[in-house]
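**Student:** Got a structure for you, start_26.txt, holding compact mmCIF, C-alpha atoms and all ligand atoms.
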```
# COMPACT_ATOMS: atom_id res chain seq x y z
CA MET A 1250 29.73 -20.91 -3.22
CA THR A 1251 28.76 -23.45 -0.56
CA VAL A 1252 28.89 -22.30 3.03
CA GLY A 1253 30.16 -24.61 5.77
CA ALA A 1254 28.27 -25.25 9.00
CA ARG A 1255 28.73 -22.75 11.87
CA PRO A 1256 27.97 -22.97 15.59
CA VAL A 1257 24.57 -21.44 16.42
CA ARG A 1258 26.15 -19.52 19.30
CA ALA A 1259 28.55 -17.68 16.96
CA VAL A 1260 25.83 -17.08 14.36
CA LEU A 1261 23.53 -15.57 16.98
CA ALA A 1262 26.24 -13.25 18.29
CA ASP A 1263 27.18 -12.00 14.80
CA LEU A 1264 23.59 -11.56 13.71
CA ALA A 1265 22.54 -9.71 16.89
CA ARG A 1266 25.39 -7.29 16.25
CA GLN A 1267 24.47 -6.82 12.59
CA LEU A 1268 20.75 -6.30 13.25
CA GLY A 1269 21.15 -4.45 16.53
CA SER A 1270 18.64 -6.83 18.10
CA ALA A 1271 19.24 -10.14 19.89
CA GLY A 1272 15.52 -10.86 19.67
CA GLU A 1273 15.40 -10.54 15.87
CA ALA A 1274 18.54 -12.67 15.58
CA ARG A 1275 16.83 -15.43 17.55
CA TRP A 1276 13.61 -15.23 15.47
CA LEU A 1277 15.55 -15.51 12.21
CA VAL A 1278 17.79 -18.36 13.38
CA GLU A 1279 14.74 -20.27 14.60
CA HIS A 1280 13.02 -19.63 11.26
CA VAL A 1281 15.85 -21.12 9.17
CA SER A 1282 16.56 -23.99 11.56
CA GLY A 1283 12.94 -25.19 11.28
CA ALA A 1284 10.86 -26.87 13.96
CA GLY A 1285 12.73 -27.90 17.08
CA PRO A 1286 14.23 -26.29 20.13
CA GLY A 1287 14.61 -22.53 20.30
CA ALA A 1288 17.80 -20.81 19.17
CA LEU A 1289 19.11 -20.33 22.72
CA VAL A 1290 18.67 -24.03 23.46
CA LEU A 1291 20.46 -24.93 20.23
CA ALA A 1292 23.30 -22.59 21.21
CA ARG A 1293 23.56 -24.13 24.68
CA GLN A 1294 23.58 -27.62 23.17
CA GLY A 1295 26.55 -26.63 20.96
CA ALA A 1296 24.47 -27.23 17.78
CA GLU A 1297 25.60 -26.05 14.35
CA LEU A 1298 23.61 -24.43 11.54
CA PRO A 1299 24.16 -26.31 8.28
CA GLY A 1300 25.26 -24.53 5.09
CA ASP A 1301 21.84 -24.36 3.47
CA ALA A 1302 20.31 -22.78 6.61
CA LEU A 1303 23.19 -20.28 6.74
CA ALA A 1304 22.61 -19.34 3.09
CA ALA A 1305 18.89 -18.78 3.80
CA LEU A 1306 19.80 -16.74 6.88
CA HIS A 1307 22.22 -14.64 4.86
CA GLU A 1308 19.46 -13.74 2.37
CA LEU A 1309 16.94 -12.93 5.12
CA THR A 1310 19.50 -10.75 6.87
CA ARG A 1311 20.17 -8.87 3.65
CA ARG A 1312 16.46 -8.20 3.21
CA ARG A 1313 16.00 -7.18 6.85
CA LEU A 1314 18.91 -4.74 6.63
CA ALA A 1315 17.28 -3.33 3.47
CA GLY A 1316 14.23 -2.48 5.60
CA GLU A 1317 11.73 -5.33 5.13
CA PRO A 1318 9.67 -5.96 8.27
CA LEU A 1319 10.76 -8.99 10.28
CA GLN A 1320 7.19 -10.33 10.31
CA TYR A 1321 6.98 -10.51 6.49
CA LEU A 1322 10.34 -12.30 6.38
CA LEU A 1323 9.12 -14.86 8.89
CA GLY A 1324 5.78 -15.15 7.06
CA SER A 1325 3.74 -15.55 10.21
CA TRP A 1326 3.16 -13.72 13.48
CA PRO A 1327 1.22 -14.44 16.67
CA PHE A 1328 -1.90 -12.47 17.59
CA ARG A 1329 -3.38 -13.31 21.00
CA GLY A 1330 -3.95 -17.09 20.79
CA VAL A 1331 -3.64 -17.53 17.04
CA GLN A 1332 -0.71 -17.79 14.64
CA LEU A 1333 -1.34 -15.70 11.51
CA ARG A 1334 0.24 -15.85 8.11
CA VAL A 1335 1.33 -12.32 7.16
CA ASP A 1336 2.71 -10.94 3.90
CA PRO A 1337 2.71 -7.56 2.12
CA ARG A 1338 -0.98 -7.95 1.23
CA VAL A 1339 -1.94 -7.26 4.86
CA LEU A 1340 -1.03 -5.00 7.74
CA ILE A 1341 1.15 -6.68 10.37
CA PRO A 1342 -1.09 -7.13 13.42
CA ARG A 1343 0.07 -4.86 16.25
CA PRO A 1344 0.15 -5.43 20.03
CA GLU A 1345 -2.26 -2.49 20.57
CA THR A 1346 -4.78 -4.29 18.35
CA GLU A 1347 -4.55 -7.31 20.65
CA VAL A 1348 -5.80 -4.93 23.34
CA VAL A 1349 -8.61 -3.73 21.05
CA ALA A 1350 -9.65 -7.37 20.53
CA GLY A 1351 -9.66 -7.80 24.32
CA TYR A 1352 -12.11 -4.89 24.74
CA ALA A 1353 -14.20 -6.31 21.90
CA LEU A 1354 -14.38 -9.64 23.78
CA ASP A 1355 -15.47 -7.76 26.92
CA GLU A 1356 -18.25 -6.13 24.90
CA LEU A 1357 -19.22 -9.56 23.59
CA ASP A 1358 -19.61 -10.78 27.19
CA ARG A 1359 -21.78 -7.79 27.97
CA ALA A 1360 -23.87 -8.19 24.81
CA ALA A 1361 -24.41 -11.87 25.63
CA ALA A 1362 -25.60 -10.87 29.12
CA ASP A 1363 -27.87 -8.07 27.81
CA ALA A 1364 -29.38 -9.96 24.86
CA PRO A 1365 -33.02 -10.81 25.47
CA ALA A 1366 -33.45 -14.23 27.07
CA ALA A 1367 -36.40 -14.83 24.73
CA CYS A 1368 -34.18 -16.14 21.93
CA PRO A 1369 -31.36 -17.97 23.76
CA GLY A 1370 -30.46 -20.28 20.84
CA GLU A 1371 -30.08 -17.44 18.36
CA PRO A 1372 -26.46 -16.62 17.54
CA LEU A 1373 -24.88 -13.34 18.49
CA VAL A 1374 -23.61 -11.84 15.25
CA VAL A 1375 -20.49 -9.66 15.29
CA ALA A 1376 -18.44 -8.04 12.52
CA ASP A 1377 -14.76 -7.16 12.17
CA LEU A 1378 -14.66 -4.56 9.40
CA GLY A 1379 -11.31 -4.15 7.61
CA THR A 1380 -10.12 -7.50 8.87
CA GLY A 1381 -6.75 -7.59 7.04
CA SER A 1382 -5.06 -10.82 8.09
CA GLY A 1383 -8.23 -11.77 9.98
CA ALA A 1384 -6.57 -11.00 13.30
CA ILE A 1385 -9.48 -9.56 15.31
CA ALA A 1386 -12.13 -11.78 13.71
CA LEU A 1387 -10.15 -14.94 14.45
CA ALA A 1388 -9.48 -13.87 18.03
CA LEU A 1389 -13.24 -13.35 18.49
CA ALA A 1390 -14.08 -16.65 16.79
CA THR A 1391 -11.66 -18.68 18.92
CA GLU A 1392 -11.94 -16.89 22.28
CA GLY A 1393 -15.63 -15.91 22.08
CA PRO A 1394 -17.09 -19.44 22.39
CA GLU A 1395 -15.02 -19.95 25.57
CA ARG A 1396 -16.63 -16.89 27.17
CA ILE A 1397 -20.30 -16.85 26.20
CA ASP A 1398 -22.88 -19.59 26.38
CA ARG A 1399 -24.64 -18.58 23.17
CA PRO A 1400 -23.78 -19.47 19.58
CA LEU A 1401 -21.59 -16.85 17.93
CA GLN A 1402 -21.26 -15.87 14.29
CA VAL A 1403 -18.39 -13.68 13.05
CA TRP A 1404 -18.26 -11.62 9.85
CA ALA A 1405 -14.83 -10.54 8.58
CA THR A 1406 -14.81 -7.99 5.76
CA ASP A 1407 -12.28 -6.03 3.78
CA ALA A 1408 -12.23 -3.75 0.74
CA SER A 1409 -9.03 -5.46 -0.41
CA PRO A 1410 -9.59 -8.82 -2.16
CA ALA A 1411 -5.88 -9.58 -1.63
CA ALA A 1412 -6.22 -9.10 2.13
CA LEU A 1413 -9.29 -11.34 2.16
CA GLU A 1414 -7.26 -14.14 0.52
CA VAL A 1415 -4.84 -13.97 3.45
CA ALA A 1416 -7.70 -13.83 5.96
CA GLY A 1417 -9.27 -16.88 4.29
CA ALA A 1418 -6.03 -18.87 4.47
CA ASN A 1419 -5.66 -17.90 8.12
CA GLU A 1420 -9.25 -18.86 8.87
CA GLU A 1421 -8.68 -22.34 7.41
CA ALA A 1422 -5.39 -22.84 9.26
CA VAL A 1423 -6.78 -21.65 12.60
CA ARG A 1424 -9.90 -23.80 12.17
CA ARG A 1425 -7.74 -26.90 11.58
CA SER A 1426 -6.00 -26.44 14.91
CA ALA A 1427 -8.74 -24.87 17.06
CA ALA A 1428 -10.59 -27.07 19.54
CA ARG A 1429 -13.66 -24.87 19.21
CA MET A 1430 -14.35 -21.98 16.86
CA ALA A 1431 -17.35 -19.91 15.79
CA PRO A 1432 -18.22 -19.78 12.08
CA VAL A 1433 -16.46 -16.94 10.23
CA HIS A 1434 -17.99 -15.43 7.08
CA LEU A 1435 -15.60 -13.51 4.84
CA ALA A 1436 -17.04 -10.74 2.66
CA ALA A 1437 -15.54 -8.19 0.28
CA GLY A 1438 -16.65 -4.56 0.14
CA SER A 1439 -16.35 -1.14 1.66
CA TRP A 1440 -17.24 -1.16 5.38
CA PHE A 1441 -20.93 -2.04 5.93
CA ASP A 1442 -21.56 -2.45 2.16
CA ALA A 1443 -19.85 -5.84 2.44
CA LEU A 1444 -22.56 -7.18 4.76
CA PRO A 1445 -25.90 -8.64 3.66
CA GLY A 1446 -28.70 -6.11 4.21
CA SER A 1447 -30.49 -8.70 6.37
CA LEU A 1448 -27.91 -8.02 9.13
CA ALA A 1449 -29.01 -4.37 9.53
CA GLY A 1450 -30.12 -3.86 13.14
CA ARG A 1451 -28.85 -7.34 14.12
CA LEU A 1452 -25.16 -6.95 14.93
CA ALA A 1453 -24.32 -7.31 18.61
CA MET A 1454 -20.94 -5.73 18.04
CA VAL A 1455 -18.91 -4.06 15.33
CA VAL A 1456 -15.17 -3.88 15.81
CA SER A 1457 -12.69 -2.25 13.49
CA ASN A 1458 -9.10 -1.15 13.28
CA PRO A 1459 -9.61 1.12 10.26
CA PRO A 1460 -6.89 3.08 8.47
CA TYR A 1461 -6.50 6.27 10.54
CA VAL A 1462 -3.18 7.80 9.44
CA SER A 1463 -3.41 11.12 7.56
CA ASP A 1464 -1.67 11.70 4.22
CA PRO A 1465 1.02 13.94 5.80
CA GLU A 1466 1.54 11.48 8.70
CA TRP A 1467 2.00 8.64 6.20
CA ALA A 1468 4.85 10.53 4.50
CA GLY A 1469 6.61 10.73 7.87
CA LEU A 1470 6.19 7.07 8.86
CA ASP A 1471 9.17 4.83 9.40
CA ALA A 1472 10.30 3.46 6.02
CA THR A 1473 9.87 -0.12 7.25
CA VAL A 1474 6.14 0.62 7.55
CA ARG A 1475 5.66 3.11 4.70
CA ASP A 1476 7.56 1.19 2.02
CA HIS A 1477 6.28 -2.30 2.84
CA GLU A 1478 2.85 -2.34 4.48
CA PRO A 1479 -0.23 -1.62 2.30
CA ARG A 1480 -1.02 2.10 2.09
CA GLN A 1481 -4.73 1.26 1.94
CA ALA A 1482 -4.42 -0.37 5.37
CA LEU A 1483 -2.84 2.71 6.92
CA VAL A 1484 -4.14 5.91 5.37
CA GLY A 1485 -7.65 7.09 6.21
CA GLY A 1486 -7.50 10.20 4.00
CA PRO A 1487 -6.09 13.75 4.06
CA VAL A 1488 -7.15 14.22 7.71
CA GLY A 1489 -6.85 10.60 8.90
CA THR A 1490 -10.24 10.32 10.63
CA GLU A 1491 -12.34 9.94 7.45
CA GLN A 1492 -12.89 6.18 7.83
CA LEU A 1493 -13.51 6.43 11.59
CA ASP A 1494 -16.20 9.02 10.86
CA ARG A 1495 -17.87 6.75 8.31
CA LEU A 1496 -17.97 3.87 10.77
CA LEU A 1497 -19.41 6.07 13.52
CA ILE A 1498 -22.09 7.39 11.19
CA GLU A 1499 -23.14 4.04 9.74
CA ALA A 1500 -22.81 1.73 12.75
CA PRO A 1501 -26.04 2.69 14.61
CA ARG A 1502 -28.17 1.37 11.72
CA TRP A 1503 -26.46 -2.05 11.94
CA LEU A 1504 -26.29 -2.61 15.68
CA VAL A 1505 -28.89 -4.24 17.90
CA ARG A 1506 -30.24 -2.12 20.71
CA TRP A 1507 -27.75 -3.53 23.23
CA GLY A 1508 -24.91 -3.48 20.70
CA ALA A 1509 -21.54 -1.76 20.77
CA LEU A 1510 -18.97 -0.31 18.44
CA VAL A 1511 -15.29 -0.87 19.29
CA LEU A 1512 -12.75 1.14 17.28
CA GLU A 1513 -9.00 1.43 17.34
CA VAL A 1514 -7.92 5.08 17.11
CA ALA A 1515 -4.69 7.04 17.30
CA PRO A 1516 -4.23 8.64 20.75
CA HIS A 1517 -4.69 12.18 19.39
CA GLN A 1518 -7.99 11.14 17.76
CA ALA A 1519 -9.56 9.56 20.85
CA ASP A 1520 -11.32 12.61 22.34
CA GLY A 1521 -12.70 13.72 18.97
CA ALA A 1522 -13.94 10.21 18.20
CA ALA A 1523 -15.66 10.03 21.61
CA ARG A 1524 -17.42 13.37 20.96
CA ALA A 1525 -18.47 12.18 17.49
CA ALA A 1526 -19.89 8.97 19.00
CA MET A 1527 -22.01 10.97 21.47
CA VAL A 1528 -23.28 13.21 18.66
CA ARG A 1529 -24.27 10.03 16.77
CA GLY A 1530 -26.46 8.95 19.69
CA PHE A 1531 -24.26 6.37 21.36
CA ASP A 1532 -24.93 6.22 25.06
CA ALA A 1533 -22.02 4.96 27.14
CA VAL A 1534 -18.92 6.18 25.35
CA MET A 1535 -15.55 5.20 26.78
CA VAL A 1536 -11.96 5.66 25.73
CA ARG A 1537 -9.67 2.82 26.78
CA SER A 1538 -5.89 2.64 26.86
CA ASP A 1539 -3.40 0.22 25.38
CA LEU A 1540 -0.67 -1.50 27.40
CA ALA A 1541 1.51 1.61 27.17
CA GLY A 1542 -1.28 3.76 28.65
CA ARG A 1543 -2.04 5.53 25.35
CA GLN A 1544 -5.70 6.28 24.54
CA ARG A 1545 -6.29 3.79 21.78
CA VAL A 1546 -9.74 2.24 21.91
CA LEU A 1547 -13.16 3.79 21.56
CA VAL A 1548 -15.99 1.72 23.05
CA ALA A 1549 -19.43 3.15 22.23
CA ARG A 1550 -22.59 1.40 23.37
CA CYS A 1551 -26.05 1.90 21.96
CA PRO A 1552 -28.56 3.49 24.32
CA ALA A 1553 -30.27 0.98 26.63
CA PRO A 1554 -33.53 -0.26 25.03
CA GLN A 1555 -35.83 1.58 27.45
CA ASP A 1556 -34.06 4.87 26.58
CA ALA A 1557 -34.11 4.43 22.85
CA PRO A 1558 -37.03 2.65 21.29
CA ARG A 1559 -36.20 1.78 17.72
C1 LIG B 1601 -5.29 -0.88 9.89
S1 LIG B 1601 -5.66 -2.25 8.82
C2 LIG B 1601 -6.32 -3.40 10.01
C3 LIG B 1601 -6.14 -4.84 9.63
C4 LIG B 1601 -6.50 -5.81 10.78
N1 LIG B 1601 -7.85 -5.62 11.22
C5 LIG B 1601 -5.56 -5.61 11.94
O1 LIG B 1601 -5.98 -5.00 12.93
O2 LIG B 1601 -4.41 -6.05 11.86
C6 LIG B 1601 -7.11 -1.64 8.00
C7 LIG B 1601 -7.79 -2.62 7.06
O3 LIG B 1601 -8.94 -1.97 6.52
C8 LIG B 1601 -9.04 -2.27 5.15
N2 LIG B 1601 -9.80 -1.18 4.50
C9 LIG B 1601 -9.36 0.02 4.04
N3 LIG B 1601 -10.38 0.72 3.54
C10 LIG B 1601 -11.48 -0.05 3.68
C11 LIG B 1601 -12.87 0.13 3.36
N4 LIG B 1601 -13.31 1.25 2.75
N5 LIG B 1601 -13.72 -0.87 3.64
C12 LIG B 1601 -13.28 -2.00 4.25
N6 LIG B 1601 -12.00 -2.23 4.57
C13 LIG B 1601 -11.12 -1.26 4.29
C14 LIG B 1601 -7.62 -2.40 4.67
O4 LIG B 1601 -7.55 -3.14 3.48
C15 LIG B 1601 -6.95 -3.07 5.87
O5 LIG B 1601 -6.98 -4.47 5.75
```
Hey, can you dump this file as structure tokens for me?

**Tutor:**
Amino acid sequence: MTVGARPVRAVLADLARQLGSAGEARWLVEHVSGAGPGALVLARQGAELPGDALAALHELTRRRLAGEPLQYLLGSWPFRGVQLRVDPRVLIPRPETEVVAGYALDELDRAAADAPAACPGEPLVVADLGTGSGAIALALATEGPERIDRPLQVWATDASPAALEVAGANEEAVRRSAARMAPVHLAAGSWFDALPGSLAGRLAMVVSNPPYVSDPEWAGLDATVRDHEPRQALVGGPVGTEQLDRLLIEAPRWLVRWGALVLEVAPHQADGAARAAMVRGFDAVMVRSDLAGRQRVLVARCPAPQDAPR
């Protein structure tokens, strides 16, 4: 059956009602109408959606109502300054992780200021472990060179080869459009095992948004998350903090003496993670909040060099 053209205004109104969200209706209409003015502009101009776009919209609406995340239907999603391809191989980057990347960039500034002046041309090396779509790594690689006057090198690792394929495609796409971008090395493997041994003791910063949901919490997640996003990206283990603990234990061996570890945590894990960081010998340990004021980010700095000869 062919579908006739319909005014964008009427399509938007119907779709917003069906989805219970005017925002989602706009995103989907803009997706099927291709490049050009936004949906509200099209509506104001009295534009119509042609039959083929309406058929595509109908199918997307069906899938959305069946519970698929909007971001997978659109196939891409913004993260800070970059546009990322996203599909069921990777976690959908979250707004709270944009905040984590912001704290990681602050730590990069500090590391650049604290790094010995003796080797000014040497790159600062940082790692985003469990990079998924590449979100944090690509934010560091694009925003970092604007903030520090030293060369920067970014490692992006993941245990999932499928996730690394997405990260690689995103790295290429972002590099094509970025005015300036640090080199990004992709590597497969579990946490620090993915990195070359030669980087031990040389990382200025390690940042990670590891899986931190417990098995029982996963069972209670919204179906849109539980049934569509990769379990490996969400579940840390029976307790939830297993992967956070591993990172806290292993990081000191990989960081330079002025280095820092930046971790996304669930709010109820923040105090425990801060205590664990102090037990592991980190010096300045801070818990930072996301935009909603929830304790979400652990920032743990290595002891100052004079305090901790290594
Ligand atoms: C919460 S997601 C974060 C993805 C991305 N960094 C972001 O913030 O959107 C966790 C990521 O860690 C990866 N992961 C899970 N276990 C891992 C392990 N043992 N070693 C490395 N990466 C792991 C998952 O594949 C997933 O991509």

**Student:** From the list A:Leu1340, A:Ala1522, A:Leu1309, A:Ala1472, which residue is nearest ligand LIG 1601 (chain B) when using all atoms listed in the file?

**Tutor:** A:Leu1340

**Student:** Using all atoms listed in the file, can you tell me which of A:Ala1353, A:Leu1483, A:Leu1268, A:Ala1288 comes closest to A:Leu1314?

**Tutor:**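 Of the candidates, the smallest distance to A:Leu1314 is held by A:Leu1268.
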
**Student:** Counting all atoms listed in the file, figure out which residue out of A:Gly1446, A:Pro1327, A:Val1462, A:Ala1364 gets nearest to A:Gln1492.

**Tutor:**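 Closest to A:Gln1492 of all the choices is A:Val1462.
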
**Student:** How many Å separate atom CA of A:Ala1360 from atom CA of A:Leu1373?

**Tutor:**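 Atom CA of A:Leu1373 lies 8.2 Å from atom CA of A:Ala1360.
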
**Student:** Could you list, as a list in words, all residues that come within 6 Å of ligand LIG 1601 (chain B)? Count only C-alpha atoms and all ligand atoms.

**Tutor:**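 Written in the requested form, the residues are Val1339, Leu1340, Ile1341, Pro1342, Thr1346, Leu1378, Gly1379, Thr1380, Gly1381, Ser1382, Ala1384, Ile1385, Asp1407, Ala1408, Ser1409, Ala1412, Gly1438, Ser1439, Trp1440, Asn1458, Pro1459, Pro1460, Gln1481, Ala1482 and Leu1483 of chain A.
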
**Student:** Env of A:Ala1437: 9 Å cut, atoms = all atoms listed in the file, seq-sep filter 5 positions within chain, self excluded. Answer as a PyMOL selection string.

**Tutor:** chain A and resi 1405-1410+1413+1442-1444

**Student:** Taking (-21.3, 9.7, 11.7) in the file's own coordinates, collect the residues within 8 Å, counting all atoms listed in the file, and hand them back as a list in words.

**Tutor:**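 Checking each residue against the 8 Å limit leaves Asp1494, Arg1495, Leu1496, Leu1497, Ile1498, Glu1499, Ala1525, Ala1526 and Arg1529 of chain A.
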
**Student:** May I have the residues at most 12 Å from (20.0, -23.4, 22.8) in the file's coordinates, counting all atoms listed in the file, as a list in words?

**Tutor:** Pro1256, Val1257, Arg1258, Ala1259, Leu1261, Arg1275, Val1278, Glu1279, Ser1282, Gly1285, Pro1286, Gly1287, Ala1288, Leu1289, Val1290, Leu1291, Ala1292, Arg1293, Gln1294, Gly1295, Ala1296, Glu1297 and Leu1298 of chain A

**Student:** Save the residues we just selected, C-alpha atoms, as a PDB file, in the coordinates of the input?

**Tutor:**
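Output contents, as saved in again-v4.pdb:
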```
ATOM      1  CA  PRO A1256      27.970 -22.970  15.590  1.00  0.00           C
ATOM      2  CA  VAL A1257      24.570 -21.440  16.420  1.00  0.00           C
ATOM      3  CA  ARG A1258      26.150 -19.520  19.300  1.00  0.00           C
ATOM      4  CA  ALA A1259      28.550 -17.680  16.960  1.00  0.00           C
ATOM      5  CA  LEU A1261      23.530 -15.570  16.980  1.00  0.00           C
ATOM      6  CA  ARG A1275      16.830 -15.430  17.550  1.00  0.00           C
ATOM      7  CA  VAL A1278      17.790 -18.360  13.380  1.00  0.00           C
ATOM      8  CA  GLU A1279      14.740 -20.270  14.600  1.00  0.00           C
ATOM      9  CA  SER A1282      16.560 -23.990  11.560  1.00  0.00           C
ATOM     10  CA  GLY A1285      12.730 -27.900  17.080  1.00  0.00           C
ATOM     11  CA  PRO A1286      14.230 -26.290  20.130  1.00  0.00           C
ATOM     12  CA  GLY A1287      14.610 -22.530  20.300  1.00  0.00           C
ATOM     13  CA  ALA A1288      17.800 -20.810  19.170  1.00  0.00           C
ATOM     14  CA  LEU A1289      19.110 -20.330  22.720  1.00  0.00           C
ATOM     15  CA  VAL A1290      18.670 -24.030  23.460  1.00  0.00           C
ATOM     16  CA  LEU A1291      20.460 -24.930  20.230  1.00  0.00           C
ATOM     17  CA  ALA A1292      23.300 -22.590  21.210  1.00  0.00           C
ATOM     18  CA  ARG A1293      23.560 -24.130  24.680  1.00  0.00           C
ATOM     19  CA  GLN A1294      23.580 -27.620  23.170  1.00  0.00           C
ATOM     20  CA  GLY A1295      26.550 -26.630  20.960  1.00  0.00           C
ATOM     21  CA  ALA A1296      24.470 -27.230  17.780  1.00  0.00           C
ATOM     22  CA  GLU A1297      25.600 -26.050  14.350  1.00  0.00           C
ATOM     23  CA  LEU A1298      23.610 -24.430  11.540  1.00  0.00           C
TER      24      LEU A1298
END
```

**Student:** Counting all atoms listed in the file, figure out which residue out of A:Gly1370, A:Gly1351, A:Gly1450, A:Pro1365 gets nearest to A:Ala1386.

**Tutor:**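 With all atoms listed in the file as the atom set, the closest residue is A:Gly1351.
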
**Student:** When distances are computed from all atoms listed in the file, which of A:Val1455, A:Met1527, A:Ala1427, A:Ala1361 shows the smallest separation from A:Arg1399?

**Tutor:**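 Going through A:Val1455, A:Met1527, A:Ala1427, A:Ala1361 one by one, the smallest distance to A:Arg1399 is for A:Ala1361.
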
**Student:** Give me the residues within 6 Å of stretch 1541-1550 of chain A as a ChimeraX atom specification, counting all atoms listed in the file and dropping any in the same chain fewer than 2 places off.

**Tutor:** /A:1509-1516,1531-1539

**Student:** What does the distance between atom CA of A:Ala1315 and atom CA of A:Leu1470 come to in Å, to one decimal place?

**Tutor:**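 Pair atom CA of A:Ala1315 / atom CA of A:Leu1470 returns 16.1 Å.
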
**Student:** Record the distance separating atom CA of A:Arg1506 and atom CA of A:Gln1518, expressed in Å with one decimal.

**Tutor:**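 About the pair atom CA of A:Arg1506 and atom CA of A:Gln1518: they are 26.1 Å apart.
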
**Student:** My list of candidates is A:Asp1398, A:Asp1336, A:Glu1308, A:Asp1520. Which is closest to A:Ala1362 when distances are computed with all atoms listed in the file?

**Tutor:** A:Asp1398

**Student:** For A:Leu1303, work out the shell of residues within 8 Å, counting only C-alpha atoms and skipping chain neighbours fewer than 5 positions away, then give it as a short mmCIF file (atom, residue, chain, number, x, y, z; two decimals) with C-alpha atoms, in the coordinates of the input.

**Tutor:**
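Saved the output as out_16.cif:
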```cif
data_model
loop_
_atom_site.label_atom_id
_atom_site.label_comp_id
_atom_site.auth_asym_id
_atom_site.auth_seq_id
_atom_site.Cartn_x
_atom_site.Cartn_y
_atom_site.Cartn_z
CA VAL A 1252 28.89 -22.30 3.03
CA ALA A 1254 28.27 -25.25 9.00
CA ARG A 1255 28.73 -22.75 11.87
CA VAL A 1281 15.85 -21.12 9.17
CA LEU A 1298 23.61 -24.43 11.54
#
```

**Student:** Would you pick out the contacts of A:Leu1389 at 9 Å or less, using only C-alpha atoms, so that residues sharing its chain but fewer than 5 positions from it are not included, and give the list as JSON, numbers by chain?

**Tutor:** {"A": [1350, 1351, 1353, 1354, 1357, 1375, 1377, 1384, 1394, 1403, 1430, 1431]}

**Student:** Which residues, written as a list in words, have at least one atom at most 9 Å from A:Leu1319, with only C-alpha atoms counted and residues fewer than 6 positions away on the same chain left out?

**Tutor:**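 That gives Glu1273, Trp1276, Leu1277, Leu1309 and Arg1313 of chain A.
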
**Student:** For stretch 1421-1431 of chain A of the block above, can you save N, CA, C and O atoms as a PDB file, in the first residue's frame?

**Tutor:**
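Writing done, so here's part_13.pdb:
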```pdb
ATOM      1  N   GLU A1421      37.090   7.322  13.024  1.00  0.00           N
ATOM      2  CA  GLU A1421      37.342   7.767  11.636  1.00  0.00           C
ATOM      3  C   GLU A1421      36.427   8.931  11.266  1.00  0.00           C
ATOM      4  O   GLU A1421      36.860   9.906  10.666  1.00  0.00           O
ATOM      5  N   ALA A1422      35.149   8.812  11.611  1.00  0.00           N
ATOM      6  CA  ALA A1422      34.194   9.866  11.242  1.00  0.00           C
ATOM      7  C   ALA A1422      34.522  11.181  11.957  1.00  0.00           C
ATOM      8  O   ALA A1422      34.500  12.253  11.344  1.00  0.00           O
ATOM      9  N   VAL A1423      34.854  11.087  13.251  1.00  0.00           N
ATOM     10  CA  VAL A1423      35.161  12.314  13.994  1.00  0.00           C
ATOM     11  C   VAL A1423      36.442  12.931  13.445  1.00  0.00           C
ATOM     12  O   VAL A1423      36.546  14.142  13.266  1.00  0.00           O
ATOM     13  N   ARG A1424      37.435  12.081  13.126  1.00  0.00           N
ATOM     14  CA  ARG A1424      38.702  12.616  12.614  1.00  0.00           C
ATOM     15  C   ARG A1424      38.488  13.348  11.290  1.00  0.00           C
ATOM     16  O   ARG A1424      39.122  14.361  11.022  1.00  0.00           O
ATOM     17  N   ARG A1425      37.573  12.845  10.458  1.00  0.00           N
ATOM     18  CA  ARG A1425      37.315  13.502   9.159  1.00  0.00           C
ATOM     19  C   ARG A1425      36.792  14.926   9.344  1.00  0.00           C
ATOM     20  O   ARG A1425      37.062  15.799   8.545  1.00  0.00           O
ATOM     21  N   SER A1426      36.020  15.128  10.426  1.00  0.00           N
ATOM     22  CA  SER A1426      35.401  16.458  10.572  1.00  0.00           C
ATOM     23  C   SER A1426      36.107  17.354  11.594  1.00  0.00           C
ATOM     24  O   SER A1426      35.833  18.546  11.649  1.00  0.00           O
ATOM     25  N   ALA A1427      37.028  16.775  12.390  1.00  0.00           N
ATOM     26  CA  ALA A1427      37.645  17.580  13.459  1.00  0.00           C
ATOM     27  C   ALA A1427      38.752  18.465  12.894  1.00  0.00           C
ATOM     28  O   ALA A1427      39.544  18.031  12.055  1.00  0.00           O
ATOM     29  N   ALA A1428      38.792  19.706  13.390  1.00  0.00           N
ATOM     30  CA  ALA A1428      39.853  20.617  12.964  1.00  0.00           C
ATOM     31  C   ALA A1428      41.186  20.130  13.524  1.00  0.00           C
ATOM     32  O   ALA A1428      42.213  20.171  12.858  1.00  0.00           O
ATOM     33  N   ARG A1429      41.147  19.629  14.754  1.00  0.00           N
ATOM     34  CA  ARG A1429      42.361  19.206  15.445  1.00  0.00           C
ATOM     35  C   ARG A1429      41.994  18.040  16.342  1.00  0.00           C
ATOM     36  O   ARG A1429      40.961  18.089  17.013  1.00  0.00           O
ATOM     37  N   MET A1430      42.820  16.996  16.334  1.00  0.00           N
ATOM     38  CA  MET A1430      42.461  15.830  17.153  1.00  0.00           C
ATOM     39  C   MET A1430      43.721  15.042  17.504  1.00  0.00           C
ATOM     40  O   MET A1430      44.584  14.824  16.650  1.00  0.00           O
ATOM     41  N   ALA A1431      43.799  14.620  18.755  1.00  0.00           N
ATOM     42  CA  ALA A1431      44.942  13.810  19.193  1.00  0.00           C
ATOM     43  C   ALA A1431      44.831  12.411  18.594  1.00  0.00           C
ATOM     44  O   ALA A1431      43.719  11.950  18.324  1.00  0.00           O
TER      45      ALA A1431
END
```
